[in-house]
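Asker: I have a structure I would like to understand better, so I am pasting it below and will then ask my questions one at a time.
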Protein chains: 2
Amino acid sequence: MTPEEFRKAGHRLIDWIADYRAGVESRPVMAQTQPGEIKAALPASPPQHPESFDNILADIDRIVLPGITTWQHPRFFGYFPSNGLLASVLGDYLSTGFGVIGLTWQASPALTEVEEITTDWMRQMLGLSAAWSGVINDTASTSSLVALLCARERASNFSLARGGLQAEAHALVVYTSAQSHSSVEKAALLAGFGKDNIRIVPHDRTYAMRSDALAGLISDDVAQGRKPCAVVATTGTTTSTAFDPIEAIARVTASHGIWLHVDAAMAGSAMILPECRHLWQGVEGADSLIVNPHKWLGAVFDCSLFFVRDPEHLVRVMSTTPSYLKGTADGRVKNYRDWGLPLGRRFRALKLWFLIREQGVEQLQARLRRDLDNAKWLEQEIVKTPSWNVLAPVALQTVCVRHEPPNLTGDALDKHTLEWAARLNQSGEAYVTPAMLDGRWIVRVSIGTELTERKHVAQLWQMMQQAASRK
Amino acid sequence: MTPEEFRKAGHRLIDWIADYRAGVESRPVMAQTQPGEIKAALPASPPQHPESFDNILADIDRIVLPGITTWQHPRFFGYFPSNGLLASVLGDYLSTGFGVIGLTWQASPALTEVEEITTDWMRQMLGLSAAWSGVINDTASTSSLVALLCARERASNFSLARGGLQAEAHALVVYTSAQSHSSVEKAALLAGFGKDNIRIVPHDRTYAMRSDALAGLISDDVAQGRKPCAVVATTGTTTSTAFDPIEAIARVTASHGIWLHVDAAMAGSAMILPECRHLWQGVEGADSLIVNPHKWLGAVFDCSLFFVRDPEHLVRVMSTTPSYLKGTADGRVKNYRDWGLPLGRRFRALKLWFLIREQGVEQLQARLRRDLDNAKWLEQEIVKTPSWNVLAPVALQTVCVRHEPPNLTGDALDKHTLEWAARLNQSGEAYVTPAMLDGRWIVRVSIGTELTERKHVAQLWQMMQQAASRK
């Protein structure tokens with residue numbers, strides 16, 4: 001495809017996306033596809049000869065589009081919002097069009113320096129001190145793994161340079177709560193700690209980690225000759241958006257020299273609102289921190305910020321400098337390859353930079369406040385409706401809800417919950433995510449796509465009531 | 001930004017990229033920017049109010065563009081080619097425009113099923129048997145880490161479910177050659193093996209791993225009570241594109257039940273040419289395999305294929321299924337989140353699917369054959385020129401070259417090599433990568449960007465001779 005063919009095809013694609021985005025509200029939220037349906041519609045072998053762009057685009061309409069769940073739909077209330085605001089989309093288009101890779105500073109200086117600027121803008125927007133340095137990773141799963149590797153190497157005094165984790169005399173232990181994201185346990189297992197050395201710290205009735213229980217578990221481990229290594233606390237848990245008490249936890253970790261990693265992947269965006277910052281009070285006591293602008297804030301996926309207070313330690317754990325990656329400016333520049341797992345890096349900062357510039361901080365703040373308001377409204381509607389309950393504090397934009405008809409308990413109630421949620425999702429009219437809380441199913445309503453206004457939340461609330469009353 | 005504003009701005013951006021791509025040859029290859037120059041030109045704090053798209057685009061022209069190294073330039077001979085063919089760029093634009101995330105099959109069935117189809121197309125194109133299953137990761141660094149985690153867990157009988165690597169009685173050992181990519185050692189260190197348990201297997205005069213030496217090291221480790229865990233062999237090393245003898249290595253690993261991981265990140269693309277497949281003879285004996293279509297083949301970065309022969313094992317190591325990720329189709333569909341590190345996944349298959357369809361297998365093959373031809377031509381030119389030498393076999397498209405004037409040896413020769421390479425790079429006319437081979441600097445000429453024709457290679461050869469003769 002020549003640049004001139006690209007110009008023509010590109011204009012068509014832009015129009016296609018503009019039409020798609022303009023029409024999201026009229027599309028089903030959850031894709032209505034059966035397993036295997038898309039695979040069966042596609043050729044099982046690659047084409048030997050070139051195909052026209054017309055052909056490819058026709059297949060997008062005919063085969064791919066029906067298999068797309070409409071994450072940008074105003075009645076998407078599933079998982080967490082993954083806003084891909086259109087200014088951010090254009091920033092990513094520029095990155096892809098350049099076709100550059102950030103192996104080293106020299107491999108495209110702008111890629112590194114715009115990332116330094118943009119992550120520092122975010123630091124300021126979040127109200128963090130200048131002691132933090134940021135880098136963009138793909139996802140929080142990756143950042144949590146990096147954080148635990150840093151913790152492991154600090155606690156073991158760089159065992160990787162010797163016999164590795166397998167030669168350590170004392171078992172290193174990681175602490176988190178049952179409400180932390182699944183990626184935390186996954187990261188701890190992959191980092192080699194082993195399930196026996198992951199402690200699940202009890203939580204209180206708001207689903208927040210109990211710092212006294214944490215202190216107790218740490219004492220027990222120390223008494224038995226084990227070495228407390230890392231605590232992963234959550235600012236805004238996945239199921240109910242609970243807030244672990246960072247300040248109290250940081251006191252515990254500081255007194256034992258334990259690495260404190262704070263997962264604020266979702267709720268971190270709320271910290272651009274000064275009135276929300278009490279929710280992570282004490283965060284300056286952490287060693288590492290995740291905030292995902294690709295969730296609520298609006299940077300198109302993937303754009304996960306990883307902040308650390310000791311970048312030298314991070315670089316010491318992550319760095320590799322073979323001869324073919326040496327640059328003439330080394331020592332005077334950042335080489336972000338040494339801040340994470342992958343060597344090759346996209347110019348991801350552009351999508352965040354475009355977003356912040358096109359929106360301005362005030363407009364981002366206004367949208368988040370709108371969503372907080374909508375969540376409060378929904379909570380109040382639910383609370384005043386018989387047989388409906390809110391199961392967890394609504395601190396931000398997630399509402400955990402259950403329809404509890406009289407005489408329906410235990411497994412029968414679970415069955416009812418899953419059934420009405422599935423009915424709602426299968427209708428294509430709205431999308432919610434069932435999840436377990438205290439061993440029983442509830443339904444999460446996660447408010448916050450760009451297009452979600454009060455009327456969409458009101459529509460959802462009607463639909464929920466209808467889905468729950470139908471059989 | 002509304003969809004209508006996006007339509008307008010998007011057309012401008014497409015034109016901008018089309019113009020950029022049409023004009024790459026007239027741009028400097030290496031960015032001419034000084035460290036810190038771009039940072040200094042950007043505001044240190046985020047804007048409170050929205051900015052116009054005009055403003056943003058003006059900054060791209062004024063500040064960002066001068067800091068971009070032109071990877072798509074026909075005289076880019078650095079690192080490895082990272083071709084981002086324009087059809088692939090459009091595939092990625094579609095992915096970004098959708099703004100969907102592949103957390104689960106249900107979260108967008110097309111994202112999973114097009115990935116299944118496309119990775120299987122690639123399997124067929126590479127001449128691999130149906131025993132392989134593929135998934136798309138960001139980079140080879142990530143895939144090598146995943147491979148070594150799989151190896152670790154197989155050798156330790158799933159230590160992660162118990163005391164982890166730290167509770168293992170016998171040290172697990174990883175084997176690779178000094179010519180393997182830096183990401184291999186990094187992955188082994190991060191996976192917890194420790195530097196003491198990484199064996200550097202000697203290589204022969206072609207820079208290929210010696211399988212007899214490998215067998216010897218393994219015997220020594222077994223004799224001393226250690227447990228050989230994984231061998232990482234390379235199909236096309238970074239410095240000189242050497243080929244480890246996969247068949248002989250696979251015989252060794254098979255006899256000891258050791259995990260064999262083959263890194264064919266760069267040279268794997270050549271396997272779409274049947275005449276090249278002898279270079280990885282025996283690859284069916286491996287357990288895992290990396291091929292990066294985002295290098296020579298032309299899928300825009302990031303698109304790294306990871307193939308495994310036992311996906312059930314991979315999933316057992318990587319899977320997490322919290323309640324909020326359960327789907328109604330589970331058990332009947334693939335959930336690729338359980339095939340790698342990140343939970344959230346972009347719709348990456350589109351950029352590869354667009355590439356293969358727009359090019360057709362034959363056109364991809366023709367371009368790669370052109371590049372092989374150009375490399376052979378350059379090799380012959382160098383060999384017949386006094387004081388110039390080719391330092392390693394030219395098996396594919398990388399030529400390792402040195403200008404060796406009479407009476408210049410040792411450190412003085414190194415200095416000369418680095419100086420002329422820097423002169424050439426700083427001229428902006430062409431870009432090459434110095435690297436070390438046998439402890440001395442050489443210059444790698446890596447041929448294979450989409451636009452590189454014979455005349456560009458001839459121009460480079462002239463420029464190299466000029467750069468080396470100037471003082």
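Within each chain, counting starts at residue 1; across the structure tokens, chains are named A, B, ... in the order shown, with ligands numbered 1 upward in that order.
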Report as an mmCIF file with all heavy atoms, in the first residue's frame all protein, DNA and RNA residues lying within 12 Å of Ala58 of chain B, evaluated on only C-alpha atoms, omitting residues in the same chain fewer than 6 positions from it.

Answerer:
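File produced: selection35.cif:
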```cif
data_model
loop_
_atom_site.group_PDB
_atom_site.id
_atom_site.type_symbol
_atom_site.label_atom_id
_atom_site.label_comp_id
_atom_site.auth_asym_id
_atom_site.auth_seq_id
_atom_site.Cartn_x
_atom_site.Cartn_y
_atom_site.Cartn_z
ATOM 1 N N LEU B 13 -5.080 14.019 10.120
ATOM 2 C CA LEU B 13 -4.008 13.173 10.634
ATOM 3 C C LEU B 13 -3.580 12.137 9.589
ATOM 4 O O LEU B 13 -2.379 11.856 9.418
ATOM 5 C CB LEU B 13 -4.442 12.472 11.928
ATOM 6 C CG LEU B 13 -3.277 11.808 12.635
ATOM 7 C CD1 LEU B 13 -2.467 12.832 13.409
ATOM 8 C CD2 LEU B 13 -3.746 10.716 13.573
ATOM 9 N N TRP B 16 -1.484 13.810 7.212
ATOM 10 C CA TRP B 16 -0.179 14.077 7.824
ATOM 11 C C TRP B 16 0.706 12.830 7.730
ATOM 12 O O TRP B 16 1.874 12.886 7.330
ATOM 13 C CB TRP B 16 -0.385 14.507 9.289
ATOM 14 C CG TRP B 16 0.810 15.156 9.910
ATOM 15 C CD1 TRP B 16 1.046 16.495 10.050
ATOM 16 C CD2 TRP B 16 1.942 14.493 10.491
ATOM 17 N NE1 TRP B 16 2.246 16.707 10.666
ATOM 18 C CE2 TRP B 16 2.821 15.512 10.949
ATOM 19 C CE3 TRP B 16 2.314 13.164 10.652
ATOM 20 C CZ2 TRP B 16 4.038 15.218 11.573
ATOM 21 C CZ3 TRP B 16 3.530 12.876 11.265
ATOM 22 C CH2 TRP B 16 4.373 13.893 11.714
ATOM 23 N N GLU B 51 -7.188 22.509 24.640
ATOM 24 C CA GLU B 51 -6.440 23.128 23.544
ATOM 25 C C GLU B 51 -7.020 22.643 22.224
ATOM 26 O O GLU B 51 -7.590 21.568 22.139
ATOM 27 C CB GLU B 51 -4.966 22.705 23.620
ATOM 28 C CG GLU B 51 -4.222 23.265 24.812
ATOM 29 C CD GLU B 51 -2.741 22.913 24.712
ATOM 30 O OE1 GLU B 51 -2.079 23.365 23.763
ATOM 31 O OE2 GLU B 51 -2.264 22.152 25.573
ATOM 32 N N SER B 52 -6.799 23.405 21.183
ATOM 33 C CA SER B 52 -7.328 23.015 19.872
ATOM 34 C C SER B 52 -6.444 21.944 19.248
ATOM 35 O O SER B 52 -5.255 21.834 19.559
ATOM 36 C CB SER B 52 -7.376 24.230 18.954
ATOM 37 O OG SER B 52 -6.057 24.580 18.581
ATOM 38 N N VAL B 64 7.883 17.451 18.098
ATOM 39 C CA VAL B 64 7.987 15.987 18.136
ATOM 40 C C VAL B 64 8.725 15.439 16.913
ATOM 41 O O VAL B 64 9.657 14.639 17.047
ATOM 42 C CB VAL B 64 6.583 15.344 18.270
ATOM 43 C CG1 VAL B 64 6.673 13.824 18.142
ATOM 44 C CG2 VAL B 64 5.959 15.728 19.614
ATOM 45 N N LEU B 65 8.328 15.893 15.737
ATOM 46 C CA LEU B 65 8.889 15.329 14.506
ATOM 47 C C LEU B 65 10.424 15.381 14.450
ATOM 48 O O LEU B 65 11.057 14.386 14.075
ATOM 49 C CB LEU B 65 8.258 16.030 13.292
ATOM 50 C CG LEU B 65 8.618 15.469 11.916
ATOM 51 C CD1 LEU B 65 8.317 13.979 11.824
ATOM 52 C CD2 LEU B 65 7.848 16.217 10.831
#
```

Asker: Tell me which protein, DNA and RNA residues are within 8 Å of Lys351 of chain B, counting only C-alpha atoms, leaving out same-chain ones fewer than 3 positions away, and put them as an mmCIF file with C-alpha atoms, in the first residue's frame.

Answerer:
```cif
data_model
loop_
_atom_site.group_PDB
_atom_site.id
_atom_site.type_symbol
_atom_site.label_atom_id
_atom_site.label_comp_id
_atom_site.auth_asym_id
_atom_site.auth_seq_id
_atom_site.Cartn_x
_atom_site.Cartn_y
_atom_site.Cartn_z
ATOM 1 C CA ALA B 87 -2.091 -1.827 5.541
ATOM 2 C CA SER B 88 -1.028 -3.044 8.958
ATOM 3 C CA VAL B 89 -1.192 0.509 10.288
ATOM 4 C CA LEU B 90 -4.836 0.651 9.201
ATOM 5 C CA GLY B 91 -5.554 -2.641 10.947
ATOM 6 C CA ASP B 92 -4.192 -1.169 14.142
ATOM 7 C CA ALA B 299 3.178 -5.861 11.029
ATOM 8 C CA VAL B 300 3.398 -2.561 12.825
ATOM 9 C CA ARG B 348 -3.694 -6.886 17.964
ATOM 10 C CA PHE B 354 -4.727 -6.717 7.425
ATOM 11 C CA LEU B 355 -1.063 -7.162 6.516
#
```

Asker: Can you list, as a list in words, every protein, DNA or RNA residue that comes within 12 Å of Gly257 of chain A when you count only C-alpha atoms, leaving out same-chain residues fewer than 5 positions away?

Answerer: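 The neighbour list is Ala151, Arg154, Ala155, Ile218, Lys227, Pro228, Cys229, Ala230, Val231, Ala250, Arg251, Val252, Gly285, Ala286 and Asp287 of chain A.
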
Asker: From a DSSP calculation on the backbone, collect every residue of segment 50-167 of chain A in strand (DSSP E) and output the set as an MDAnalysis selection string.

Answerer: chainID A and resid 133:137

Asker: Just give me the gap between atom CA of Phe347 of chain B and atom CA of Ser95 of chain B in Å, one decimal is fine.

Answerer: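 Separating atom CA of Phe347 of chain B from atom CA of Ser95 of chain B is a distance of 5.3 Å.
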
Asker: Counting only C-alpha atoms, what is within 10 Å of Trp461 of chain B, bar same-chain residues fewer than 6 positions away, as number ranges by chain?

Answerer: B: 378, 381-382, 445, 455, 467

Asker: Counting only C-alpha atoms, figure out which residue out of A:Glu404, A:Glu453, A:Glu419, A:Asp204 gets nearest to chain B.

Answerer: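 The closest residue to chain B is A:Glu419.
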
Asker: Set the distance at 10 Å and use only C-alpha atoms: which residues neighbour Leu42 of chain A once local chain neighbours fewer than 3 positions away are removed? I'd like the list as a compact mmCIF listing (two decimals) with N, CA, C and O atoms, in the first residue's frame.

Answerer:
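Below is the file part31.txt, written as the result:
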```
# COMPACT_ATOMS: atom_id res chain seq x y z
N GLU A 37 -18.44 -18.89 16.00
CA GLU A 37 -19.17 -18.36 14.85
C GLU A 37 -18.25 -17.53 13.93
O GLU A 37 -18.33 -17.64 12.70
N ILE A 38 -17.42 -16.71 14.53
CA ILE A 38 -16.55 -15.84 13.73
C ILE A 38 -15.46 -16.65 13.05
O ILE A 38 -15.19 -16.50 11.86
N LYS A 39 -14.87 -17.54 13.82
CA LYS A 39 -13.84 -18.42 13.24
C LYS A 39 -14.38 -19.15 12.02
O LYS A 39 -13.71 -19.25 10.99
N SER A 45 -7.09 -20.66 5.87
CA SER A 45 -5.72 -20.52 5.38
C SER A 45 -5.49 -19.12 4.83
O SER A 45 -6.43 -18.47 4.37
N PRO A 46 -4.22 -18.67 4.87
CA PRO A 46 -3.93 -17.30 4.42
C PRO A 46 -4.03 -17.18 2.90
O PRO A 46 -3.80 -18.15 2.19
N ASP A 59 -15.43 -7.47 5.14
CA ASP A 59 -15.40 -8.51 6.18
C ASP A 59 -15.49 -7.91 7.57
O ASP A 59 -15.99 -8.55 8.50
N ILE A 63 -18.33 -9.65 9.40
CA ILE A 63 -17.91 -10.71 10.32
C ILE A 63 -17.40 -10.16 11.65
O ILE A 63 -17.75 -10.66 12.71
N VAL A 64 -16.54 -9.13 11.59
CA VAL A 64 -15.89 -8.67 12.83
C VAL A 64 -16.84 -7.84 13.69
O VAL A 64 -16.98 -8.09 14.90
N GLU B 113 -11.25 -14.59 18.35
CA GLU B 113 -11.34 -15.55 17.24
C GLU B 113 -10.52 -15.12 16.03
O GLU B 113 -9.96 -15.96 15.34
N VAL B 114 -10.41 -13.82 15.78
CA VAL B 114 -9.53 -13.38 14.68
C VAL B 114 -8.07 -13.66 15.06
O VAL B 114 -7.25 -14.01 14.21
N ILE B 117 -7.46 -17.35 14.33
CA ILE B 117 -7.32 -17.57 12.88
C ILE B 117 -5.97 -17.05 12.38
O ILE B 117 -5.25 -17.72 11.65
N THR B 118 -5.62 -15.84 12.80
CA THR B 118 -4.42 -15.20 12.23
C THR B 118 -3.14 -15.87 12.70
O THR B 118 -2.19 -16.04 11.93
```

Asker: I'd like to know which of A:Val394, A:Val173, A:Leu148, A:Ala9 is closest to Asp220 of chain A, using only C-alpha atoms.

Answerer: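 Looking only at the distances to Asp220 of chain A, the closest residue turns out to be A:Val173.
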
Asker: So, counting only C-alpha atoms, which residue among A:Ala458, A:Leu128, A:Leu368, A:Ala187 is closest to chain B?

Answerer: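 Using only C-alpha atoms, chain B sits closest to A:Ala187.
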